[in-house]
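Colleague: Sharing my_file24.pdb below, PDB, C-alpha atoms:
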MODEL        1
ATOM      1  CA  MET A   1      14.992   8.750  -8.947
ATOM      2  CA  ILE A   2      12.761   6.105  -7.410
ATOM      3  CA  LEU A   3      13.952   2.491  -7.089
ATOM      4  CA  VAL A   4      11.129  -0.012  -6.600
ATOM      5  CA  ILE A   5      11.299  -3.698  -5.678
ATOM      6  CA  GLU A   6       8.527  -5.853  -7.156
ATOM      7  CA  ASN A   7       5.810  -6.828  -4.719
ATOM      8  CA  GLY A   8       3.688  -9.736  -5.934
ATOM      9  CA  ARG A   9       2.698 -11.108  -9.309
ATOM     10  CA  LEU A  10       1.383  -9.476 -12.490
ATOM     11  CA  GLY A  11      -1.722  -7.807 -11.019
ATOM     12  CA  ASN A  12       0.230  -6.277  -8.145
ATOM     13  CA  GLN A  13       3.039  -5.218 -10.470
ATOM     14  CA  LEU A  14       0.527  -3.333 -12.648
ATOM     15  CA  PHE A  15      -0.763  -1.510  -9.563
ATOM     16  CA  GLN A  16       2.806  -0.602  -8.633
ATOM     17  CA  TYR A  17       3.627   0.776 -12.075
ATOM     18  CA  PHE A  18       0.457   2.840 -12.490
ATOM     19  CA  GLY A  19       0.556   3.998  -8.871
ATOM     20  CA  LEU A  20       4.124   5.213  -9.269
ATOM     21  CA  ARG A  21       3.287   7.030 -12.494
ATOM     22  CA  GLN A  22       0.359   8.663 -10.721
ATOM     23  CA  LEU A  23       2.364   9.771  -7.676
ATOM     24  CA  PHE A  24       5.687  10.579  -9.367
ATOM     25  CA  PRO A  25       4.857  11.779 -12.897
ATOM     26  CA  ASN A  26       8.175  13.594 -13.356
ATOM     27  CA  GLU A  27      10.529  11.167 -11.606
ATOM     28  CA  LYS A  28      12.719   8.529 -13.203
ATOM     29  CA  ILE A  29      11.369   5.137 -12.096
ATOM     30  CA  ILE A  30      13.606   2.059 -11.858
ATOM     31  CA  LEU A  31      11.664  -1.219 -11.543
ATOM     32  CA  LEU A  32      13.705  -4.061 -10.035
ATOM     33  CA  GLY A  33      12.256  -7.490 -10.766
ATOM     34  CA  PHE A  34       8.851  -7.000 -12.404
ATOM     35  CA  SER A  35       9.476  -9.932 -14.753
ATOM     36  CA  SER A  36       5.747 -10.549 -15.323
ATOM     37  CA  PHE A  37       5.151  -6.882 -16.143
ATOM     38  CA  ASN A  38       8.228  -6.938 -18.358
ATOM     39  CA  ASP A  39       6.764  -9.874 -20.300
ATOM     40  CA  ILE A  40       3.615  -7.992 -21.360
ATOM     41  CA  ILE A  41       4.597  -4.349 -21.822
ATOM     42  CA  LYS A  42       5.886  -2.713 -24.986
ATOM     43  CA  LYS A  43       9.143  -1.118 -23.881
ATOM     44  CA  ASP A  44       8.658   1.949 -26.064
ATOM     45  CA  SER A  45       5.381   2.712 -24.258
ATOM     46  CA  LEU A  46       7.223   3.309 -20.969
ATOM     47  CA  GLU A  47       8.024   6.963 -20.321
ATOM     48  CA  ASN A  48      10.948   7.713 -18.016
ATOM     49  CA  CYS A  49      10.697   4.186 -16.604
ATOM     50  CA  TYR A  50      13.217   1.341 -16.826
ATOM     51  CA  ILE A  51      12.861  -2.339 -15.958
ATOM     52  CA  PHE A  52      15.612  -4.627 -14.700
ATOM     53  CA  PRO A  53      13.940  -8.041 -14.524
ATOM     54  CA  PHE A  54      15.539 -10.750 -12.425
ATOM     55  CA  LYS A  55      14.276 -14.260 -13.111
ATOM     56  CA  SER A  56      16.181 -15.515 -10.071
ATOM     57  CA  ARG A  57      14.344 -14.890  -6.809
ATOM     58  CA  VAL A  58      17.628 -15.309  -4.925
ATOM     59  CA  ILE A  59      19.248 -12.413  -6.780
ATOM     60  CA  LEU A  60      16.143 -10.268  -6.282
ATOM     61  CA  LEU A  61      16.095 -10.980  -2.537
ATOM     62  CA  VAL A  62      19.798 -10.139  -2.218
ATOM     63  CA  ILE A  63      19.253  -6.810  -3.995
ATOM     64  CA  MET A  64      16.138  -6.073  -1.920
ATOM     65  CA  ASN A  65      18.007  -6.709   1.344
ATOM     66  CA  LEU A  66      20.886  -4.526   0.172
ATOM     67  CA  PHE A  67      18.578  -1.590  -0.499
ATOM     68  CA  ILE A  68      16.798  -2.095   2.831
ATOM     69  CA  ILE A  69      20.181  -1.809   4.578
ATOM     70  CA  LEU A  70      20.982   1.361   2.602
ATOM     71  CA  ALA A  71      17.635   2.872   3.591
ATOM     72  CA  ARG A  72      17.842   1.898   7.270
ATOM     73  CA  THR A  73      21.301   3.427   7.543
ATOM     74  CA  ARG A  74      19.912   6.569   5.868
ATOM     75  CA  LEU A  75      22.384   6.428   2.996
ATOM     76  CA  VAL A  76      19.461   6.761   0.553
ATOM     77  CA  GLY A  77      15.920   8.002   1.013
ATOM     78  CA  ARG A  78      12.988   5.703   1.609
ATOM     79  CA  TYR A  79       9.239   5.928   1.048
ATOM     80  CA  GLU A  80       6.826   4.089   3.326
ATOM     81  CA  GLU A  81       3.244   3.502   2.299
ATOM     82  CA  ILE A  82       0.589   4.407   4.874
ATOM     83  CA  ASN A  83      -2.546   2.748   3.580
ATOM     84  CA  ARG A  84      -5.677   3.168   5.650
ATOM     85  CA  LYS A  85      -9.256   2.858   4.474
ATOM     86  CA  SER A  86      -9.953   6.537   5.159
ATOM     87  CA  ALA A  87      -6.640   7.981   3.971
ATOM     88  CA  TYR A  88      -3.508   7.222   1.974
ATOM     89  CA  LYS A  89      -0.071   8.787   1.805
ATOM     90  CA  LEU A  90       3.572   8.023   1.117
ATOM     91  CA  LYS A  91       5.852   9.122   3.923
ATOM     92  CA  LYS A  92       9.424   9.930   2.955
ATOM     93  CA  LYS A  93      12.435   9.387   5.171
ATOM     94  CA  LYS A  94      15.354  11.397   3.873
ATOM     95  CA  GLY A  95      18.780   9.915   3.256
ATOM     96  CA  LEU A  96      22.327  11.165   2.784
ATOM     97  CA  ILE A  97      22.010  10.624  -0.974
ATOM     98  CA  ASP A  98      18.534  12.105  -1.128
ATOM     99  CA  PHE A  99      18.028  12.196  -4.894
ATOM    100  CA  ILE A 100      17.719   8.376  -4.718
ATOM    101  CA  SER A 101      14.779   6.890  -2.839
ATOM    102  CA  ILE A 102      13.610   3.301  -2.604
ATOM    103  CA  ILE A 103      10.253   1.600  -2.108
ATOM    104  CA  THR A 104      10.532  -2.017  -0.990
ATOM    105  CA  HIS A 105       6.875  -2.622  -0.136
ATOM    106  CA  GLY A 106       4.070  -0.757  -1.856
ATOM    107  CA  ASP A 107       0.619  -1.863  -3.020
ATOM    108  CA  PHE A 108      -0.688   1.408  -4.534
ATOM    109  CA  GLN A 109      -4.216   0.016  -4.424
ATOM    110  CA  HIS A 110      -6.011   2.719  -2.457
ATOM    111  CA  ILE A 111      -9.126   4.133  -4.115
ATOM    112  CA  SER A 112      -7.659   7.659  -4.011
ATOM    113  CA  ILE A 113      -4.969   6.467  -6.466
ATOM    114  CA  THR A 114      -6.825   3.939  -8.597
ATOM    115  CA  ILE A 115      -9.707   6.313  -9.332
ATOM    116  CA  ASN A 116      -7.313   8.362 -11.481
ATOM    117  CA  PHE A 117      -5.714   5.473 -13.365
ATOM    118  CA  ASN A 118      -5.772   5.680 -17.156
ATOM    119  CA  LEU A 119      -4.100   3.687 -19.909
ATOM    120  CA  ASP A 120      -2.604   6.610 -21.816
ATOM    121  CA  GLY A 121       0.586   5.371 -23.444
ATOM    122  CA  PHE A 122       0.231   1.843 -22.001
ATOM    123  CA  GLN A 123       0.542  -0.844 -24.675
ATOM    124  CA  ILE A 124       0.547  -4.619 -24.335
ATOM    125  CA  LYS A 125       2.842  -6.452 -26.742
ATOM    126  CA  ASP A 126       1.227  -7.145 -30.115
ATOM    127  CA  GLU A 127       1.904 -10.879 -30.001
ATOM    128  CA  ILE A 128       0.031 -11.174 -26.705
ATOM    129  CA  THR A 129      -2.974  -9.224 -27.959
ATOM    130  CA  ASP A 130      -2.983 -11.225 -31.213
ATOM    131  CA  ARG A 131      -2.968 -14.564 -29.359
ATOM    132  CA  ALA A 132      -5.838 -13.433 -27.144
ATOM    133  CA  LYS A 133      -7.926 -12.262 -30.093
ATOM    134  CA  THR A 134      -7.230 -15.487 -31.999
ATOM    135  CA  PHE A 135      -8.419 -17.498 -28.995
ATOM    136  CA  LEU A 136     -11.638 -15.469 -28.796
ATOM    137  CA  GLU A 137     -12.221 -15.716 -32.544
ATOM    138  CA  ARG A 138     -12.085 -19.503 -32.275
ATOM    139  CA  CYS A 139     -14.515 -19.395 -29.362
ATOM    140  CA  ALA A 140     -16.864 -17.178 -31.371
ATOM    141  CA  ALA A 141     -16.767 -19.566 -34.337
ATOM    142  CA  LEU A 142     -17.518 -22.511 -32.036
ATOM    143  CA  HIS A 143     -20.450 -20.919 -30.192
ATOM    144  CA  LYS A 144     -21.755 -18.521 -32.873
ATOM    145  CA  SER A 145     -21.560 -15.602 -30.425
ATOM    146  CA  ASN A 146     -19.045 -12.967 -29.378
ATOM    147  CA  GLU A 147     -20.855 -11.896 -26.193
ATOM    148  CA  PHE A 148     -17.929 -13.064 -24.074
ATOM    149  CA  VAL A 149     -18.037 -12.969 -20.270
ATOM    150  CA  PHE A 150     -14.836 -13.783 -18.436
ATOM    151  CA  VAL A 151     -15.125 -15.597 -15.111
ATOM    152  CA  HIS A 152     -11.958 -15.241 -13.065
ATOM    153  CA  ILE A 153     -11.546 -17.940 -10.405
ATOM    154  CA  ARG A 154      -8.608 -17.355  -8.068
ATOM    155  CA  ARG A 155      -7.787 -20.317  -5.857
ATOM    156  CA  GLY A 156      -4.226 -21.444  -5.027
ATOM    157  CA  ASP A 157      -3.151 -19.699  -1.814
ATOM    158  CA  TYR A 158      -6.634 -18.181  -1.449
ATOM    159  CA  ILE A 159      -7.963 -21.528  -0.196
ATOM    160  CA  ARG A 160      -6.283 -20.874   3.167
ATOM    161  CA  TRP A 161      -5.345 -17.174   2.968
ATOM    162  CA  PRO A 162      -5.648 -14.931   4.925
ATOM    163  CA  HIS A 163      -6.932 -17.493   7.424
ATOM    164  CA  PRO A 164      -8.197 -21.077   6.985
ATOM    165  CA  LYS A 165     -11.488 -20.123   8.649
ATOM    166  CA  PHE A 166     -11.930 -16.979   6.562
ATOM    167  CA  PRO A 167     -10.401 -17.662   3.149
ATOM    168  CA  ALA A 168     -10.486 -15.208   0.260
ATOM    169  CA  VAL A 169     -11.475 -17.961  -2.185
ATOM    170  CA  LEU A 170     -15.037 -17.610  -3.509
ATOM    171  CA  SER A 171     -17.456 -20.521  -3.537
ATOM    172  CA  TYR A 172     -18.901 -22.135  -6.636
ATOM    173  CA  ALA A 173     -22.312 -20.966  -5.378
ATOM    174  CA  TRP A 174     -21.194 -17.310  -5.569
ATOM    175  CA  TYR A 175     -20.022 -17.727  -9.173
ATOM    176  CA  ARG A 176     -23.183 -19.695 -10.015
ATOM    177  CA  ASP A 177     -25.420 -16.863  -8.826
ATOM    178  CA  CYS A 178     -23.426 -14.266 -10.774
ATOM    179  CA  ILE A 179     -23.595 -16.417 -13.904
ATOM    180  CA  LYS A 180     -27.366 -16.847 -13.530
ATOM    181  CA  GLU A 181     -27.823 -13.104 -13.162
ATOM    182  CA  ILE A 182     -25.856 -12.427 -16.338
ATOM    183  CA  GLN A 183     -27.733 -15.154 -18.211
ATOM    184  CA  SER A 184     -30.978 -13.426 -17.244
ATOM    185  CA  VAL A 185     -30.011 -10.179 -19.002
ATOM    186  CA  LEU A 186     -27.862 -11.342 -21.946
ATOM    187  CA  SER A 187     -29.366 -13.331 -24.794
ATOM    188  CA  ASP A 188     -26.363 -15.417 -25.831
ATOM    189  CA  PRO A 189     -23.417 -15.145 -23.423
ATOM    190  CA  VAL A 190     -20.301 -17.302 -23.732
ATOM    191  CA  PHE A 191     -18.389 -17.693 -20.462
ATOM    192  CA  ILE A 192     -14.584 -17.838 -20.556
ATOM    193  CA  ILE A 193     -13.215 -19.430 -17.374
ATOM    194  CA  VAL A 194      -9.828 -17.966 -16.388
ATOM    195  CA  THR A 195      -8.256 -19.657 -13.384
ATOM    196  CA  ASP A 196      -5.102 -20.796 -11.622
ATOM    197  CA  ASP A 197      -6.809 -24.135 -10.854
ATOM    198  CA  ILE A 198      -7.673 -25.901 -14.125
ATOM    199  CA  PRO A 199      -8.725 -29.220 -12.459
ATOM    200  CA  TYR A 200     -11.242 -27.328 -10.316
ATOM    201  CA  ALA A 201     -12.661 -25.566 -13.377
ATOM    202  CA  ILE A 202     -12.935 -28.876 -15.243
ATOM    203  CA  ASP A 203     -14.761 -30.463 -12.299
ATOM    204  CA  TRP A 204     -17.364 -27.700 -12.071
ATOM    205  CA  PHE A 205     -17.707 -26.278 -15.591
ATOM    206  CA  SER A 206     -16.506 -28.859 -18.119
ATOM    207  CA  GLY A 207     -19.252 -30.040 -20.442
ATOM    208  CA  MET A 208     -21.598 -27.126 -19.686
ATOM    209  CA  ASP A 209     -23.061 -25.280 -22.671
ATOM    210  CA  SER A 210     -21.416 -21.979 -23.589
ATOM    211  CA  PHE A 211     -18.499 -22.421 -21.157
ATOM    212  CA  ILE A 212     -14.865 -22.484 -22.270
ATOM    213  CA  ILE A 213     -11.904 -23.021 -19.942
ATOM    214  CA  SER A 214      -8.788 -21.057 -20.876
ATOM    215  CA  ASN A 215      -5.520 -22.928 -20.473
ATOM    216  CA  ASN A 216      -3.328 -20.005 -21.522
ATOM    217  CA  PRO A 217      -0.433 -18.337 -19.662
ATOM    218  CA  GLU A 218      -1.449 -15.508 -17.334
ATOM    219  CA  HIS A 219      -0.342 -12.706 -19.654
ATOM    220  CA  ILE A 220      -2.534 -14.134 -22.451
ATOM    221  CA  ASP A 221      -5.396 -14.592 -19.975
ATOM    222  CA  LEU A 222      -5.128 -10.920 -18.996
ATOM    223  CA  ALA A 223      -5.467  -9.873 -22.644
ATOM    224  CA  ILE A 224      -8.386 -12.296 -23.098
ATOM    225  CA  MET A 225     -10.192 -10.754 -20.125
ATOM    226  CA  GLY A 226      -9.530  -7.276 -21.481
ATOM    227  CA  ASN A 227     -11.137  -8.189 -24.817
ATOM    228  CA  CYS A 228     -14.331  -9.686 -23.373
ATOM    229  CA  ALA A 229     -17.650  -7.838 -23.226
ATOM    230  CA  HIS A 230     -18.414  -8.481 -19.543
ATOM    231  CA  GLY A 231     -16.757 -10.058 -16.530
ATOM    232  CA  ILE A 232     -17.148 -11.790 -13.170
ATOM    233  CA  LEU A 233     -14.218 -10.917 -10.920
ATOM    234  CA  SER A 234     -12.608 -12.630  -7.965
ATOM    235  CA  ALA A 235     -11.110 -10.639  -5.048
ATOM    236  CA  SER A 236      -7.804 -10.387  -6.884
ATOM    237  CA  SER A 237      -5.590  -7.630  -8.255
ATOM    238  CA  PHE A 238      -5.157  -9.646 -11.468
ATOM    239  CA  SER A 239      -8.943  -9.837 -11.824
ATOM    240  CA  TRP A 240      -9.266  -6.094 -11.176
ATOM    241  CA  TRP A 241      -6.929  -5.376 -14.065
ATOM    242  CA  GLY A 242      -8.858  -7.721 -16.353
ATOM    243  CA  GLY A 243     -11.968  -5.685 -15.581
ATOM    244  CA  PHE A 244     -10.157  -2.368 -15.935
ATOM    245  CA  LEU A 245      -8.728  -3.302 -19.332
ATOM    246  CA  LEU A 246     -12.133  -4.589 -20.460
ATOM    247  CA  ARG A 247     -13.799  -1.365 -19.401
ATOM    248  CA  SER A 248     -11.185   0.674 -21.223
ATOM    249  CA  ASN A 249     -11.685  -1.348 -24.421
ATOM    250  CA  ALA A 250     -15.459  -1.665 -24.169
ATOM    251  CA  ALA A 251     -16.200   1.876 -25.338
ATOM    252  CA  THR A 252     -14.921   1.041 -28.792
ATOM    253  CA  LEU A 253     -15.535  -2.718 -28.964
ATOM    254  CA  TYR A 254     -19.109  -3.083 -27.696
ATOM    255  CA  ARG A 255     -22.318  -1.063 -27.724
ATOM    256  CA  ASN A 256     -24.089  -2.787 -24.839
ATOM    257  CA  SER A 257     -23.675  -1.708 -21.230
ATOM    258  CA  VAL A 258     -20.746  -3.406 -19.550
ATOM    259  CA  ILE A 259     -21.444  -5.774 -16.638
ATOM    260  CA  LEU A 260     -18.589  -6.278 -14.192
ATOM    261  CA  MET A 261     -19.543  -8.228 -11.064
ATOM    262  CA  ALA A 262     -17.240  -8.476  -8.045
ATOM    263  CA  PRO A 263     -17.399  -9.696  -4.434
ATOM    264  CA  LEU A 264     -18.299  -7.010  -1.931
ATOM    265  CA  GLU A 265     -16.027  -8.509   0.755
ATOM    266  CA  TRP A 266     -12.373  -9.446   0.331
ATOM    267  CA  SER A 267     -12.842 -12.505   2.523
ATOM    268  CA  ASP A 268     -15.517 -13.971   4.794
ATOM    269  CA  ALA A 269     -13.941 -12.138   7.735
ATOM    270  CA  GLY A 270     -13.845  -8.816   5.929
ATOM    271  CA  GLY A 271     -10.356  -8.330   7.319
ATOM    272  CA  SER A 272     -11.214  -7.453  10.908
ATOM    273  CA  GLU A 273     -11.032 -10.899  12.508
ATOM    274  CA  VAL A 274      -7.602 -11.825  11.180
ATOM    275  CA  GLY A 275      -5.886  -8.494  11.659
ATOM    276  CA  ILE A 276      -5.059  -7.733   8.024
ATOM    277  CA  ASN A 277      -5.613  -4.395   6.297
ATOM    278  CA  TYR A 278      -7.113  -5.355   2.936
ATOM    279  CA  PRO A 279      -6.695  -3.276  -0.196
ATOM    280  CA  SER A 280      -9.912  -1.843  -1.565
ATOM    281  CA  LEU A 281     -10.721  -3.431  -4.898
ATOM    282  CA  ILE A 282     -14.216  -1.996  -5.075
ATOM    283  CA  SER A 283     -14.534   0.615  -7.821
ATOM    284  CA  ASN A 284     -17.520   2.581  -9.073
ATOM    285  CA  TRP A 285     -17.510   0.608 -12.328
ATOM    286  CA  MET A 286     -18.284  -2.663 -10.532
ATOM    287  CA  THR A 287     -21.550  -4.272  -9.492
ATOM    288  CA  THR A 288     -20.920  -5.947  -6.139
ATOM    289  CA  ARG A 289     -22.518  -9.089  -4.767
ATOM    290  CA  SER A 290     -21.960 -10.142  -1.178
ATOM    291  CA  ARG A 291     -20.275 -13.507  -0.737
ATOM    292  CA  LYS A 292     -22.400 -13.919   2.388
ATOM    293  CA  ALA A 293     -25.643 -13.940   0.389
ATOM    294  CA  VAL A 294     -25.049 -17.444  -0.905
ATOM    295  CA  CYS A 295     -24.328 -20.837   0.618
ATOM    296  CA  ASN A 296     -20.566 -21.254   0.981
ATOM    297  CA  ASN A 297     -20.520 -24.998   1.569
ATOM    298  CA  GLU A 298     -19.067 -25.494  -1.906
ATOM    299  CA  SER A 299     -15.522 -24.202  -2.319
TER     300      SER A 299
ENDMDL
END
Turn the structure described in the file into structure tokens.

Modeller:
Amino acid sequence: MILVIENGRLGNQLFQYFGLRQLFPNEKIILLGFSSFNDIIKKDSLENCYIFPFKSRVILLVIMNLFIILARTRLVGRYEEINRKSAYKLKKKKGLIDFISIITHGDFQHISITINFNLDGFQIKDEITDRAKTFLERCAALHKSNEFVFVHIRRGDYIRWPHPKFPAVLSYAWYRDCIKEIQSVLSDPVFIIVTDDIPYAIDWFSGMDSFIISNNPEHIDLAIMGNCAHGILSASSFSWWGGFLLRSNAATLYRNSVILMAPLEWSDAGGSEVGINYPSLISNWMTTRSRKAVCNNES
């Protein structure tokens, strides 16, 4: 039995779930926290996996600290993630009660794991999918086109993270160039802006032809992204999953080749100058564009 503490928001929680299913296909998985994941998933689509969501961060932190103490005193087993660019593994430290192991910090974003991800048995709640499709149907009626391209703009903490001099946030110029490239190959694209910074999106995209800014909750936004035809991704786990869901749906929804554009670098520093080991979000189904190829004066 594997006990796992949530690590991050919806995108990270999806990586944790699918990574665990990949690495421990026959183990019982107990997810502690995971409230965002719990909000989107059909419970009957989970196999040998159970969620105990805690809306209170205080309760979650107390439980997390308790399990850390149990692991450090070797009362239960513990897995530690060793995530290097060239190699990945989970190292187990045995405990007295060894049939129970905990994972308190795990990203499960290494390419050796994600390359084998599939959506077999994974189902988003019907009401979420229905709301996303209704939103897109209204957009199609307004613009007389269903060639939807999501544009995911992650800002928030990215404006200063991982370092104020080398932030992960992408400039308007980078998005502009990606949009122009897509406009050059698609006859009638409609761009759906998905973002955690609505005022920023209004400042830069409001009033432009064939641009719509989504003001939906994140779980609806994820379903919207997954039902688009193409996408422009930020350096974000949430964005990665929007592209992955889109790609999984595209085989049956659209005939045209799928375009998924993503930044080549996680941040301007590429990770080396600020001492952080970045997860690899680059997958073979993405077209990458360097953030350094455009002017970054606009942020």

Colleague: Starting from the displayed file, determine the output of the PyMOL selection byres ((chain A and resi 187-201) around 7) and express the residue list as a list in words.

Modeller: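 Residues picked by the PyMOL selection byres ((chain A and resi 187-201) around 7): Ser145, Glu147, Phe148, Val149, Phe150, Val151, His152, Ile153, Arg154, Arg155, Gly156, Gln183, Val185, Leu186, Ile202, Asp203, Trp204, Phe205, Ser206, Ser210, Phe211, Ile212, Ile213, Ser214 and Asp221 of chain A.
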
Colleague: When you draw a straight line from atom CA of A:Glu47 to atom CA of A:Ser236, how long is it in Å?

Modeller: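 Distance between the two atoms: 27.1 Å.
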
Colleague: Per residue of stretch 40-147 of chain A within 9 Å of stretch 1-12 of chain A, record the nearest atom pair and its distance in Å to one decimal, counting all atoms listed in the file, with rows in chain order and ascending residue number, as CSV.

Modeller:
residue,atom,partner,partner_atom,distance
A:Leu60,CA,A:Ile5,CA,8.2
A:Ile63,CA,A:Ile5,CA,8.7
A:Met64,CA,A:Ile5,CA,6.6
A:Phe99,CA,A:Met1,CA,6.1
A:Ile100,CA,A:Met1,CA,5.0
A:Ser101,CA,A:Ile2,CA,5.1
A:Ile102,CA,A:Leu3,CA,4.6
A:Ile103,CA,A:Val4,CA,4.9
A:Thr104,CA,A:Ile5,CA,5.0
A:His105,CA,A:Asn7,CA,6.3
A:Gly106,CA,A:Asn7,CA,6.9
A:Asp107,CA,A:Asn12,CA,6.8
A:Phe108,CA,A:Asn12,CA,8.5
A:Gln109,CA,A:Asn12,CA,8.6

Colleague: Write the residues you've just listed into a file as a tab-separated table (two decimals), in the frame of the given file, and include C-alpha atoms for each of them.

Modeller:
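Writing the result to result_16.tsv gives the following:
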chain	number	residue	atom	x	y	z
A	60	LEU	CA	16.14	-10.27	-6.28
A	63	ILE	CA	19.25	-6.81	-4.00
A	64	MET	CA	16.14	-6.07	-1.92
A	99	PHE	CA	18.03	12.20	-4.89
A	100	ILE	CA	17.72	8.38	-4.72
A	101	SER	CA	14.78	6.89	-2.84
A	102	ILE	CA	13.61	3.30	-2.60
A	103	ILE	CA	10.25	1.60	-2.11
A	104	THR	CA	10.53	-2.02	-0.99
A	105	HIS	CA	6.88	-2.62	-0.14
A	106	GLY	CA	4.07	-0.76	-1.86
A	107	ASP	CA	0.62	-1.86	-3.02
A	108	PHE	CA	-0.69	1.41	-4.53
A	109	GLN	CA	-4.22	0.02	-4.42

Colleague: Identify which of the residues A:Leu119, A:Ile82, A:Val76, A:Ile220 lies closest to A:Thr134, counting all atoms listed in the file when measuring atom-to-atom distances.

Modeller: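 Closest residue, counting all atoms listed in the file: A:Ile220.
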
Colleague: Tell me which of A:Ile69, A:Val258, A:Leu170, A:Cys228 sits closest to A:Arg289, counting all atoms listed in the file.

Modeller: A:Leu170

Colleague: Atom CA of A:Tyr17 to atom CA of A:Thr114: how many Å, to one decimal?

Modeller: 11.5 Å

Colleague: What does the structure give for the distance between atom CA of A:Thr288 and atom CA of A:Ala262, in Å to one decimal?

Modeller: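 Between atom CA of A:Thr288 and atom CA of A:Ala262 the gap is 4.9 Å.
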
Colleague: Mind running stretch 129-227 of chain A against stretch 26-36 of chain A at 12 Å and telling me each contacting residue's nearest atom pair with the distance in Å (one decimal), counting all atoms listed in the file, chain and number ascending, as CSV?

Modeller:
residue,atom,partner,partner_atom,distance
A:Pro217,CA,A:Ser36,CA,10.8
A:Glu218,CA,A:Ser36,CA,9.0
A:His219,CA,A:Ser36,CA,7.8
A:Ile220,CA,A:Ser36,CA,11.5
A:Leu222,CA,A:Ser36,CA,11.5

Colleague: If the PyMOL selection byres ((chain A and resi 93) around 6) were run on this exact file, what residues would it hold? Put them as a PDB file with C-alpha atoms, in the coordinates of the input.

Modeller:
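That gives us part_29.pdb:
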ATOM      1  CA  GLY A  77      15.920   8.002   1.013  1.00  0.00           C
ATOM      2  CA  ARG A  78      12.988   5.703   1.609  1.00  0.00           C
ATOM      3  CA  LYS A  92       9.424   9.930   2.955  1.00  0.00           C
ATOM      4  CA  LYS A  94      15.354  11.397   3.873  1.00  0.00           C
TER       5      LYS A  94
END
